[in-house]
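See below for final_15.pdb, which holds PDB, C-alpha atoms, pLDDT in the B column.
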```
ATOM      1  CA  MET O  28    -165.363  49.687 138.707  1.00 63.00           C
ATOM      2  CA  GLU O  29    -162.980  47.783 140.905  1.00 66.00           C
ATOM      3  CA  ILE O  30    -162.376  44.067 140.449  1.00 69.00           C
ATOM      4  CA  THR O  31    -161.001  42.103 143.345  1.00 68.00           C
ATOM      5  CA  ALA O  32    -159.689  38.592 143.227  1.00 61.00           C
ATOM      6  CA  THR O  33    -159.787  36.298 146.180  1.00 66.00           C
ATOM      7  CA  ALA O  34    -157.341  33.495 146.603  1.00 57.00           C
ATOM      8  CA  THR O  35    -158.701  30.151 147.628  1.00 59.00           C
ATOM      9  CA  ALA O  36    -156.923  27.997 150.130  1.00 49.00           C
ATOM     10  CA  PRO O  37    -155.209  24.963 148.612  1.00 53.00           C
ATOM     11  CA  ARG O  38    -157.158  21.777 149.199  1.00 51.00           C
ATOM     12  CA  ARG O  39    -155.708  18.427 150.038  1.00 55.00           C
ATOM     13  CA  THR O  40    -157.824  16.504 147.579  1.00 57.00           C
ATOM     14  CA  GLY O  41    -155.024  14.152 146.613  1.00 60.00           C
ATOM     15  CA  SER O  42    -154.509  13.044 150.184  1.00 67.00           C
ATOM     16  CA  ARG O  43    -158.230  12.743 150.872  1.00 78.00           C
ATOM     17  CA  ASP O  44    -158.683  10.747 147.681  1.00 86.00           C
ATOM     18  CA  ALA O  45    -155.882   8.403 148.723  1.00 86.00           C
ATOM     19  CA  ASP O  46    -157.447   7.996 152.174  1.00 90.00           C
ATOM     20  CA  GLY O  47    -160.788   7.187 150.568  1.00 91.00           C
ATOM     21  CA  MET O  48    -159.130   4.666 148.281  1.00 92.00           C
ATOM     22  CA  SER O  49    -157.522   2.892 151.224  1.00 93.00           C
ATOM     23  CA  VAL O  50    -160.875   2.634 153.013  1.00 94.00           C
ATOM     24  CA  ALA O  51    -162.545   1.427 149.804  1.00 94.00           C
ATOM     25  CA  ALA O  52    -159.814  -1.190 149.333  1.00 95.00           C
ATOM     26  CA  PHE O  53    -160.409  -2.463 152.862  1.00 95.00           C
ATOM     27  CA  VAL O  54    -164.198  -2.643 152.433  1.00 95.00           C
ATOM     28  CA  LEU O  55    -164.014  -4.288 148.999  1.00 95.00           C
ATOM     29  CA  GLY O  56    -161.428  -6.794 150.194  1.00 95.00           C
ATOM     30  CA  LEU O  57    -163.569  -7.703 153.182  1.00 94.00           C
ATOM     31  CA  LEU O  58    -166.721  -7.984 151.086  1.00 94.00           C
ATOM     32  CA  GLY O  59    -164.840 -10.023 148.489  1.00 93.00           C
ATOM     33  CA  LEU O  60    -164.272 -12.796 151.008  1.00 90.00           C
ATOM     34  CA  LEU O  61    -168.000 -13.487 150.849  1.00 88.00           C
ATOM     35  CA  VAL O  62    -169.154 -12.592 147.328  1.00 88.00           C
ATOM     36  CA  MET O  63    -167.672 -11.847 143.907  1.00 89.00           C
ATOM     37  CA  ASN O  64    -164.051 -12.405 144.896  1.00 87.00           C
ATOM     38  CA  ILE O  65    -162.992 -12.632 141.231  1.00 90.00           C
ATOM     39  CA  VAL O  66    -163.885  -8.933 140.806  1.00 93.00           C
ATOM     40  CA  LEU O  67    -163.531  -7.423 144.267  1.00 94.00           C
ATOM     41  CA  GLY O  68    -160.139  -8.990 145.079  1.00 94.00           C
ATOM     42  CA  PRO O  69    -158.192  -7.433 142.202  1.00 95.00           C
ATOM     43  CA  THR O  70    -160.083  -4.153 142.645  1.00 96.00           C
ATOM     44  CA  ALA O  71    -159.047  -4.010 146.309  1.00 96.00           C
ATOM     45  CA  ILE O  72    -155.429  -4.719 145.379  1.00 96.00           C
ATOM     46  CA  VAL O  73    -155.346  -1.973 142.748  1.00 96.00           C
ATOM     47  CA  LEU O  74    -157.028   0.617 144.990  1.00 95.00           C
ATOM     48  CA  ALA O  75    -154.670  -0.183 147.862  1.00 95.00           C
ATOM     49  CA  ALA O  76    -151.617   0.082 145.607  1.00 95.00           C
ATOM     50  CA  ILE O  77    -152.745   3.461 144.250  1.00 94.00           C
ATOM     51  CA  ALA O  78    -153.498   4.729 147.763  1.00 93.00           C
ATOM     52  CA  LEU O  79    -150.043   3.678 148.958  1.00 93.00           C
ATOM     53  CA  TRP O  80    -148.422   5.251 145.895  1.00 93.00           C
ATOM     54  CA  ARG O  81    -150.225   8.549 146.581  1.00 92.00           C
ATOM     55  CA  GLY O  82    -149.081   8.531 150.199  1.00 90.00           C
ATOM     56  CA  THR O  83    -152.234   7.879 152.169  1.00 90.00           C
ATOM     57  CA  ALA O  84    -152.396   8.703 155.852  1.00 90.00           C
ATOM     58  CA  ARG O  85    -154.238   5.414 156.361  1.00 88.00           C
ATOM     59  CA  ARG O  86    -151.327   3.204 155.377  1.00 92.00           C
ATOM     60  CA  GLY O  87    -152.356   0.332 157.658  1.00 92.00           C
ATOM     61  CA  ARG O  88    -155.842   0.221 156.217  1.00 94.00           C
ATOM     62  CA  ALA O  89    -154.442   0.225 152.673  1.00 93.00           C
ATOM     63  CA  LEU O  90    -152.094  -2.657 153.505  1.00 95.00           C
ATOM     64  CA  LEU O  91    -154.959  -4.556 155.113  1.00 96.00           C
ATOM     65  CA  GLY O  92    -157.085  -3.944 152.001  1.00 94.00           C
ATOM     66  CA  MET O  93    -154.283  -5.296 149.843  1.00 96.00           C
ATOM     67  CA  ALA O  94    -153.926  -8.375 152.063  1.00 97.00           C
ATOM     68  CA  LEU O  95    -157.675  -8.981 151.935  1.00 96.00           C
ATOM     69  CA  GLY O  96    -157.621  -8.638 148.147  1.00 96.00           C
ATOM     70  CA  VAL O  97    -154.914 -11.283 147.948  1.00 96.00           C
ATOM     71  CA  ALA O  98    -156.912 -13.455 150.370  1.00 95.00           C
ATOM     72  CA  ASP O  99    -159.915 -13.111 148.030  1.00 94.00           C
ATOM     73  CA  LEU O 100    -157.885 -14.559 145.194  1.00 94.00           C
ATOM     74  CA  VAL O 101    -156.545 -17.353 147.414  1.00 94.00           C
ATOM     75  CA  VAL O 102    -160.102 -18.262 148.452  1.00 90.00           C
ATOM     76  CA  LEU O 103    -161.094 -18.309 144.780  1.00 89.00           C
ATOM     77  CA  ALA O 104    -158.170 -20.568 143.889  1.00 90.00           C
ATOM     78  CA  VAL O 105    -158.972 -22.967 146.736  1.00 88.00           C
ATOM     79  CA  LEU O 106    -162.644 -23.115 145.748  1.00 83.00           C
ATOM     80  CA  LEU O 107    -161.755 -23.837 142.145  1.00 85.00           C
ATOM     81  CA  THR O 108    -159.224 -26.496 143.102  1.00 87.00           C
ATOM     82  CA  VAL O 109    -161.167 -28.335 145.778  1.00 84.00           C
ATOM     83  CA  GLY O 110    -164.758 -28.065 144.622  1.00 74.00           C
ATOM     84  CA  GLY O 111    -164.370 -27.560 140.891  1.00 71.00           C
ATOM     85  CA  GLY O 112    -166.522 -24.421 141.091  1.00 69.00           C
ATOM     86  CA  VAL O 113    -166.923 -21.172 142.947  1.00 63.00           C
ATOM     87  CA  ILE O 114    -170.092 -22.024 144.858  1.00 65.00           C
ATOM     88  CA  TRP O 115    -169.703 -22.807 148.543  1.00 58.00           C
ATOM     89  CA  ASN O 116    -171.912 -23.008 151.595  1.00 63.00           C
ATOM     90  CA  PHE O 117    -171.638 -23.411 155.345  1.00 63.00           C
ATOM     91  CA  GLY O 118    -173.533 -26.696 155.622  1.00 60.00           C
TER      92      GLY O 118
END
```

Show me this structure written as structure tokens.
Amino acid sequence: MEITATATAPRRTGSRDADGMSVAAFVLGLLGLLVMNIVLGPTAIVLAAIALWRGTARRGRALLGMALGVADLVVLAVLLTVGGGVIWNFG
């Protein structure tokens, strides 16, 4: 009986994971401008920082996600300062 072993090609899961994290940071940061900025802002910042640390190919998107996460926290601070709460409306 002959046993053969096949080698698998190395996968770039680390890079793909970092790319996915940068996209997730962007989406969460953008969504955080509208709802749940206390949770989504810091999450976007952390995901963007990890994606940049892992060397994502989508560096611009990760930086934009980080900027949007910071903007989420700024919006939260302004809402707390001006209105005394986190509820706002367009009218």

Where does the PyMOL selection byres ((chain O and resi 72-85) around 8) land in this file, that is, which residues does it pick, as a short mmCIF file (atom, residue, chain, number, x, y, z; two decimals) with C-alpha atoms, in the frame of the given file?
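The new file out17.cif reads:
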```
data_model
loop_
_atom_site.label_atom_id
_atom_site.label_comp_id
_atom_site.auth_asym_id
_atom_site.auth_seq_id
_atom_site.Cartn_x
_atom_site.Cartn_y
_atom_site.Cartn_z
CA GLY O 41 -155.02 14.15 146.61
CA SER O 42 -154.51 13.04 150.18
CA ARG O 43 -158.23 12.74 150.87
CA ASP O 44 -158.68 10.75 147.68
CA ALA O 45 -155.88 8.40 148.72
CA ASP O 46 -157.45 8.00 152.17
CA MET O 48 -159.13 4.67 148.28
CA SER O 49 -157.52 2.89 151.22
CA VAL O 50 -160.88 2.63 153.01
CA ALA O 51 -162.54 1.43 149.80
CA ALA O 52 -159.81 -1.19 149.33
CA PHE O 53 -160.41 -2.46 152.86
CA GLY O 56 -161.43 -6.79 150.19
CA GLY O 68 -160.14 -8.99 145.08
CA PRO O 69 -158.19 -7.43 142.20
CA THR O 70 -160.08 -4.15 142.65
CA ALA O 71 -159.05 -4.01 146.31
CA ARG O 86 -151.33 3.20 155.38
CA GLY O 87 -152.36 0.33 157.66
CA ARG O 88 -155.84 0.22 156.22
CA ALA O 89 -154.44 0.22 152.67
CA LEU O 90 -152.09 -2.66 153.50
CA GLY O 92 -157.08 -3.94 152.00
CA MET O 93 -154.28 -5.30 149.84
CA ALA O 94 -153.93 -8.38 152.06
CA GLY O 96 -157.62 -8.64 148.15
CA VAL O 97 -154.91 -11.28 147.95
#
```

Each side padded by 5 Å, which centre and which edge lengths in Å (one decimal) define the axis-aligned box around the listed atoms of segment 42-61 of chain O? Give them as AutoDock Vina command-line options.
```
--center_x -161.3 --center_y -0.2 --center_z 150.4 --size_x 23.5 --size_y 36.5 --size_z 15.5
```

Coordinates-based distance that separates atom CA of Val54 of chain O from atom CA of Leu95 of chain O (Å, one decimal): 9.1 Å

Expected selection from the PyMOL selection byres ((chain O and resi 60) around 9), given as a ChimeraX atom specification: /O:55-59,61-64,67-68,95-96,98-100,102-103
